[in-house]
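Colleague: What follows is a single structure, and I will ask about it in a moment.
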There are 2 protein chains.
Amino acid sequence: MAGIRAKQKEKTRQALINAAMNQLSAESGFSSLSLREVAREAGIAPTSFYRHFRDMDELGLTLVDECGLALRQLLRQARQRIETGGSIIRVSIETFMQFVADNTATFRLLLQERSGRSRSFRLAVVREIDHFKAELEDYLVNEQSFTRELAELQSDTIAKIVFSAGADCFDVDEEEREIITEKTILQVRLVARGAEATRRLLKRQS
Amino acid sequence: MAGIRAKQKEKTRQALINAAMNQLSAESGFSSLSLREVAREAGIAPTSFYRHFRDMDELGLTLVDECGLALRQLLRQARQRIETGGSIIRVSIETFMQFVADNTATFRLLLQERSGRSRSFRLAVVREIDHFKAELEDYLVNEQSFTRELAELQSDTIAKIVFSAGADCFDVDEEEREIITEKTILQVRLVARGAEATRRLLKRQS
DNA sequence: CAAAACAGCGTACACCTGTTCGCTGAATGT
DNA sequence: ACATTCAGCGAACAGGTGTACGCTGTTTTG
């Protein structure tokens, strides 16, 4: 039950995942990524690929899942850091941007496959983004006392802004990334302010 | 100088462009689109492709350019319609969404290649989005008397929201698209309201 | 009307692709 | 200890790919 065998299998599985990420960061999109090249970079024979994934799509979905999972964990950590003081908006966005910088390859895959490729791919990406929105929405309802409706509208807007800003970070150096981060913070504050104004407006009408 | 020859050439050139768009709408991303298949669908021999484009990338850039151009023309028409009365936000967004519905294939290309593929591709896409932002920014400065700075922040935010919403329309039917349109209108109003509040805030401070 | 230009074609080549099949040798179960 | 499992391999195949080359037949030019 030592699992020396299972250990090795997991290791080459990771090698495949890493190989895919490397070739992804290079260029040209997941769909034009070949099973053979991935296997080659992972250091195994092309045929051995099938011991780990049914096909390339299954690998791709794994990548999307892992990316989303890592992002969520990171943001949950960030939110705990906030409870010990600090601007929710600033901390969240800085965390997010740092994540994009550290995981450019997979995040690029996420956004790329969001508007392309097979249906299952798109659904997987949408699911990840929905996770992001849902956690933000709950925060707005529970901590900021927004109505569910206005919180939903707000979190959807913020998700759009933040994910777009993430895409803007792909090619740029760290300096530029900080500029984008600051800009994004201002933009999210703009939305928050708009939502606040809307809330007052609705309250006055009732 | 009748140009019966040039006429024919332009015709098959368009056939190639159309073929590429068709295969794009199908699925799987531009990068995994083959010269041979495009030529086949256009009804010419693979080798004849080179009489029109140096390679597939040149065709892709052409597609991006055409998409952006068409979008800008449409929005300029829309803005004229506004001057004869009508909400600027509503008319613009409805026009935009209609455009996405009518040009799903190329718009998908636009967003897909925004975060992938070669540098020249990404730059071309960014240029198109910048056009969009610049026209909106000018409007905000000239017609709504915003400061350049706040107008820039605002137009960038709105561009992010609207283009993301466009991406959300890819898979959906007309009914769903109207729902997304209405939601987007609310979101842009949220931003406008936030910008308005910010302006007041700044004025009071000075 | 002759000469040049040129869109389009067919053949050919070298290369890369996904996937099948049967084999190996080491880890595992009994 | 012996039998089973199974990750990984190599050979092979059928089919797709981009592109070079030289040839047509029509249009354009002079």
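Here's how to read the names in the structure tokens: chain A, B, ... by the order shown, residue numbers from 1 in each chain, ligand numbers from 1 in the order shown.
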With only C-alpha atoms (C1' of nucleotides) as the counted atoms, please give the residues lying no more than 12 Å from stretch 134-143 of chain B, apart from itself and same-chain residues fewer than 3 positions off, as a PyMOL selection string.

Modeller: chain B and resi 72-73+75-76+79+83+88-89+92+126-131+146-159+192+195-196

Colleague: Env of A:Leu74: 12 Å cut, atoms = only C-alpha atoms (C1' of nucleotides), seq-sep filter 2 positions within chain, self excluded. Answer as an NGL selection string.

Modeller: :A and (67-72 or 76-81 or 91-100 or 102 or 132)

Colleague: Dump as a PyMOL selection string the residues of chain B that approach chain D to within 10 Å, counting only C-alpha atoms (C1' of nucleotides).

Modeller: chain B and resi 1-6+34-36+46-47+50+55

Colleague: Could the residues in this selection be saved with N, CA and C atoms as a PDB file, in the first residue's frame?

Modeller:
```
ATOM      1  N   MET B   1      -9.953  48.380 -69.400  1.00  0.00           N
ATOM      2  CA  MET B   1      -9.977  48.858 -68.010  1.00  0.00           C
ATOM      3  C   MET B   1     -11.299  48.457 -67.330  1.00  0.00           C
ATOM      4  N   ALA B   2     -12.004  47.530 -68.007  1.00  0.00           N
ATOM      5  CA  ALA B   2     -13.268  47.064 -67.435  1.00  0.00           C
ATOM      6  C   ALA B   2     -13.028  46.380 -66.098  1.00  0.00           C
ATOM      7  N   GLY B   3     -11.889  45.679 -66.035  1.00  0.00           N
ATOM      8  CA  GLY B   3     -11.537  45.024 -64.784  1.00  0.00           C
ATOM      9  C   GLY B   3     -12.312  43.752 -64.531  1.00  0.00           C
ATOM     10  N   ILE B   4     -12.722  43.102 -65.602  1.00  0.00           N
ATOM     11  CA  ILE B   4     -13.446  41.833 -65.440  1.00  0.00           C
ATOM     12  C   ILE B   4     -12.579  40.820 -64.710  1.00  0.00           C
ATOM     13  N   ARG B   5     -11.276  40.997 -64.876  1.00  0.00           N
ATOM     14  CA  ARG B   5     -10.352  40.087 -64.187  1.00  0.00           C
ATOM     15  C   ARG B   5     -10.250  40.426 -62.685  1.00  0.00           C
ATOM     16  N   ALA B   6     -10.039  41.694 -62.400  1.00  0.00           N
ATOM     17  CA  ALA B   6      -9.940  42.131 -61.008  1.00  0.00           C
ATOM     18  C   ALA B   6     -11.229  41.841 -60.261  1.00  0.00           C
ATOM     19  N   SER B  34      -7.367  25.176 -41.160  1.00  0.00           N
ATOM     20  CA  SER B  34      -6.375  24.815 -42.161  1.00  0.00           C
ATOM     21  C   SER B  34      -6.588  25.515 -43.493  1.00  0.00           C
ATOM     22  N   LEU B  35      -5.481  25.914 -44.057  1.00  0.00           N
ATOM     23  CA  LEU B  35      -5.476  26.554 -45.371  1.00  0.00           C
ATOM     24  C   LEU B  35      -6.228  25.710 -46.392  1.00  0.00           C
ATOM     25  N   ARG B  36      -5.986  24.427 -46.341  1.00  0.00           N
ATOM     26  CA  ARG B  36      -6.600  23.534 -47.336  1.00  0.00           C
ATOM     27  C   ARG B  36      -8.118  23.515 -47.215  1.00  0.00           C
ATOM     28  N   PRO B  46      -5.920  24.438 -53.243  1.00  0.00           N
ATOM     29  CA  PRO B  46      -5.144  24.941 -52.104  1.00  0.00           C
ATOM     30  C   PRO B  46      -4.064  25.922 -52.534  1.00  0.00           C
ATOM     31  N   THR B  47      -3.421  25.607 -53.638  1.00  0.00           N
ATOM     32  CA  THR B  47      -2.300  26.442 -54.070  1.00  0.00           C
ATOM     33  C   THR B  47      -2.746  27.832 -54.521  1.00  0.00           C
ATOM     34  N   TYR B  50      -2.565  31.257 -52.302  1.00  0.00           N
ATOM     35  CA  TYR B  50      -1.436  32.191 -52.220  1.00  0.00           C
ATOM     36  C   TYR B  50      -1.562  33.369 -53.177  1.00  0.00           C
ATOM     37  N   ASP B  55      -0.276  34.031 -46.157  1.00  0.00           N
ATOM     38  CA  ASP B  55      -0.541  32.843 -45.343  1.00  0.00           C
ATOM     39  C   ASP B  55      -1.849  33.039 -44.575  1.00  0.00           C
TER      40      ASP B  55
END
```

Colleague: How close does chain C get to chain A? List, as JSON lines, each residue of chain C within 9 Å, its nearest atom pair and the distance in Å to one decimal, counting only C-alpha atoms (C1' of nucleotides).

Modeller:
```
{"residue": "C:DT17", "atom": "C1'", "partner": "A:Ser34", "partner_atom": "CA", "distance": 7.7}
{"residue": "C:DG18", "atom": "C1'", "partner": "A:Leu35", "partner_atom": "CA", "distance": 7.9}
{"residue": "C:DT19", "atom": "C1'", "partner": "A:Thr47", "partner_atom": "CA", "distance": 8.2}
{"residue": "C:DA27", "atom": "C1'", "partner": "A:Arg5", "partner_atom": "CA", "distance": 6.2}
{"residue": "C:DT28", "atom": "C1'", "partner": "A:Met1", "partner_atom": "CA", "distance": 8.5}
```

Colleague: Kindly determine which residues of chain B lie within 8 Å of chain A, considering only C-alpha atoms, and give the answer as JSON, numbers by chain.

Modeller: {"B": [27, 28, 29, 31, 32, 108, 111, 112, 113, 115, 116, 117, 118, 153, 154, 157, 160, 161, 164, 167, 170, 183, 186, 187, 190, 191, 192, 193, 194, 195, 197, 198]}

Colleague: Please report, as an NGL selection string, each residue of stretch 11-62 of chain A to which DSSP assigns alpha helix (DSSP H) when run on this structure's backbone.

Modeller: :A and (11-26 or 35-42 or 56-62)

Colleague: Please save N, CA and C atoms of the selected residues as a PDB file, in the first residue's frame.

Modeller:
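selection.pdb written:
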```pdb
ATOM      1  N   LYS A  11       3.149  11.565 -10.927  1.00  0.00           N
ATOM      2  CA  LYS A  11       4.274  12.411 -11.324  1.00  0.00           C
ATOM      3  C   LYS A  11       4.262  12.685 -12.834  1.00  0.00           C
ATOM      4  N   THR A  12       4.089  11.647 -13.630  1.00  0.00           N
ATOM      5  CA  THR A  12       4.073  11.886 -15.078  1.00  0.00           C
ATOM      6  C   THR A  12       2.785  12.589 -15.493  1.00  0.00           C
ATOM      7  N   ARG A  13       1.723  12.364 -14.729  1.00  0.00           N
ATOM      8  CA  ARG A  13       0.493  13.116 -15.010  1.00  0.00           C
ATOM      9  C   ARG A  13       0.745  14.601 -14.864  1.00  0.00           C
ATOM     10  N   GLN A  14       1.435  14.959 -13.806  1.00  0.00           N
ATOM     11  CA  GLN A  14       1.789  16.361 -13.600  1.00  0.00           C
ATOM     12  C   GLN A  14       2.725  16.853 -14.696  1.00  0.00           C
ATOM     13  N   ALA A  15       3.629  15.949 -15.117  1.00  0.00           N
ATOM     14  CA  ALA A  15       4.548  16.320 -16.199  1.00  0.00           C
ATOM     15  C   ALA A  15       3.770  16.673 -17.457  1.00  0.00           C
ATOM     16  N   LEU A  16       2.725  15.919 -17.732  1.00  0.00           N
ATOM     17  CA  LEU A  16       1.879  16.207 -18.893  1.00  0.00           C
ATOM     18  C   LEU A  16       1.200  17.564 -18.725  1.00  0.00           C
ATOM     19  N   ILE A  17       0.657  17.799 -17.561  1.00  0.00           N
ATOM     20  CA  ILE A  17      -0.017  19.068 -17.306  1.00  0.00           C
ATOM     21  C   ILE A  17       0.960  20.243 -17.446  1.00  0.00           C
ATOM     22  N   ASN A  18       2.135  20.080 -16.879  1.00  0.00           N
ATOM     23  CA  ASN A  18       3.135  21.145 -17.002  1.00  0.00           C
ATOM     24  C   ASN A  18       3.546  21.372 -18.442  1.00  0.00           C
ATOM     25  N   ALA A  19       3.745  20.278 -19.154  1.00  0.00           N
ATOM     26  CA  ALA A  19       4.126  20.394 -20.571  1.00  0.00           C
ATOM     27  C   ALA A  19       3.068  21.179 -21.328  1.00  0.00           C
ATOM     28  N   ALA A  20       1.812  20.847 -21.084  1.00  0.00           N
ATOM     29  CA  ALA A  20       0.722  21.539 -21.770  1.00  0.00           C
ATOM     30  C   ALA A  20       0.751  23.029 -21.431  1.00  0.00           C
ATOM     31  N   MET A  21       0.978  23.347 -20.164  1.00  0.00           N
ATOM     32  CA  MET A  21       1.014  24.756 -19.756  1.00  0.00           C
ATOM     33  C   MET A  21       2.166  25.493 -20.437  1.00  0.00           C
ATOM     34  N   ASN A  22       3.313  24.857 -20.500  1.00  0.00           N
ATOM     35  CA  ASN A  22       4.459  25.480 -21.164  1.00  0.00           C
ATOM     36  C   ASN A  22       4.154  25.820 -22.608  1.00  0.00           C
ATOM     37  N   GLN A  23       3.654  24.865 -23.331  1.00  0.00           N
ATOM     38  CA  GLN A  23       3.388  25.085 -24.749  1.00  0.00           C
ATOM     39  C   GLN A  23       2.257  26.077 -24.943  1.00  0.00           C
ATOM     40  N   LEU A  24       1.418  26.172 -23.932  1.00  0.00           N
ATOM     41  CA  LEU A  24       0.322  27.123 -23.985  1.00  0.00           C
ATOM     42  C   LEU A  24       0.862  28.544 -23.845  1.00  0.00           C
ATOM     43  N   SER A  25       1.771  28.716 -22.892  1.00  0.00           N
ATOM     44  CA  SER A  25       2.300  30.050 -22.665  1.00  0.00           C
ATOM     45  C   SER A  25       3.089  30.526 -23.880  1.00  0.00           C
ATOM     46  N   ALA A  26       3.672  29.570 -24.585  1.00  0.00           N
ATOM     47  CA  ALA A  26       4.430  29.938 -25.780  1.00  0.00           C
ATOM     48  C   ALA A  26       3.530  30.739 -26.720  1.00  0.00           C
ATOM     49  N   LEU A  35      -1.097  16.416 -29.206  1.00  0.00           N
ATOM     50  CA  LEU A  35      -0.864  15.350 -28.226  1.00  0.00           C
ATOM     51  C   LEU A  35       0.588  14.894 -28.257  1.00  0.00           C
ATOM     52  N   ARG A  36       1.114  14.749 -29.433  1.00  0.00           N
ATOM     53  CA  ARG A  36       2.485  14.250 -29.572  1.00  0.00           C
ATOM     54  C   ARG A  36       3.506  15.211 -28.962  1.00  0.00           C
ATOM     55  N   GLU A  37       3.321  16.498 -29.228  1.00  0.00           N
ATOM     56  CA  GLU A  37       4.294  17.458 -28.705  1.00  0.00           C
ATOM     57  C   GLU A  37       4.232  17.536 -27.184  1.00  0.00           C
ATOM     58  N   VAL A  38       3.025  17.491 -26.663  1.00  0.00           N
ATOM     59  CA  VAL A  38       2.879  17.510 -25.207  1.00  0.00           C
ATOM     60  C   VAL A  38       3.578  16.299 -24.606  1.00  0.00           C
ATOM     61  N   ALA A  39       3.309  15.138 -25.186  1.00  0.00           N
ATOM     62  CA  ALA A  39       3.937  13.907 -24.691  1.00  0.00           C
ATOM     63  C   ALA A  39       5.462  14.019 -24.782  1.00  0.00           C
ATOM     64  N   ARG A  40       5.931  14.558 -25.894  1.00  0.00           N
ATOM     65  CA  ARG A  40       7.373  14.692 -26.096  1.00  0.00           C
ATOM     66  C   ARG A  40       7.993  15.546 -24.990  1.00  0.00           C
ATOM     67  N   GLU A  41       7.366  16.707 -24.757  1.00  0.00           N
ATOM     68  CA  GLU A  41       7.895  17.594 -23.724  1.00  0.00           C
ATOM     69  C   GLU A  41       7.796  16.965 -22.332  1.00  0.00           C
ATOM     70  N   ALA A  42       6.801  16.128 -22.136  1.00  0.00           N
ATOM     71  CA  ALA A  42       6.662  15.471 -20.834  1.00  0.00           C
ATOM     72  C   ALA A  42       7.636  14.305 -20.701  1.00  0.00           C
ATOM     73  N   MET A  56      -6.961  15.067 -25.664  1.00  0.00           N
ATOM     74  CA  MET A  56      -6.455  16.385 -25.279  1.00  0.00           C
ATOM     75  C   MET A  56      -7.520  17.217 -24.568  1.00  0.00           C
ATOM     76  N   ASP A  57      -8.766  17.066 -24.982  1.00  0.00           N
ATOM     77  CA  ASP A  57      -9.829  17.848 -24.344  1.00  0.00           C
ATOM     78  C   ASP A  57      -9.898  17.571 -22.850  1.00  0.00           C
ATOM     79  N   GLU A  58      -9.731  16.296 -22.489  1.00  0.00           N
ATOM     80  CA  GLU A  58      -9.806  15.973 -21.069  1.00  0.00           C
ATOM     81  C   GLU A  58      -8.675  16.668 -20.304  1.00  0.00           C
ATOM     82  N   LEU A  59      -7.511  16.716 -20.922  1.00  0.00           N
ATOM     83  CA  LEU A  59      -6.403  17.452 -20.311  1.00  0.00           C
ATOM     84  C   LEU A  59      -6.759  18.926 -20.164  1.00  0.00           C
ATOM     85  N   GLY A  60      -7.322  19.486 -21.210  1.00  0.00           N
ATOM     86  CA  GLY A  60      -7.685  20.896 -21.187  1.00  0.00           C
ATOM     87  C   GLY A  60      -8.667  21.210 -20.073  1.00  0.00           C
ATOM     88  N   LEU A  61      -9.683  20.374 -19.917  1.00  0.00           N
ATOM     89  CA  LEU A  61     -10.665  20.598 -18.871  1.00  0.00           C
ATOM     90  C   LEU A  61     -10.011  20.516 -17.498  1.00  0.00           C
ATOM     91  N   THR A  62      -9.077  19.591 -17.373  1.00  0.00           N
ATOM     92  CA  THR A  62      -8.337  19.494 -16.109  1.00  0.00           C
ATOM     93  C   THR A  62      -7.623  20.804 -15.802  1.00  0.00           C
TER      94      THR A  62
END
```

Colleague: I'd like the interatomic distance between atom CA of B:Val64 and atom CA of B:Glu175, to a tenth of an Å.

Modeller: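 Computing it gives 27.8 Å between the two atoms.
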
Colleague: Any idea what the distance is between atom CA of A:Asp173 and atom CA of B:Val125?

Modeller: 19.5 Å

Colleague: One decimal, Å: what's the distance from atom CA of B:Leu202 over to atom CA of B:Gly86, could you say?

Modeller: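 Taking atom CA of B:Leu202 and atom CA of B:Gly86, their separation equals 29.2 Å.
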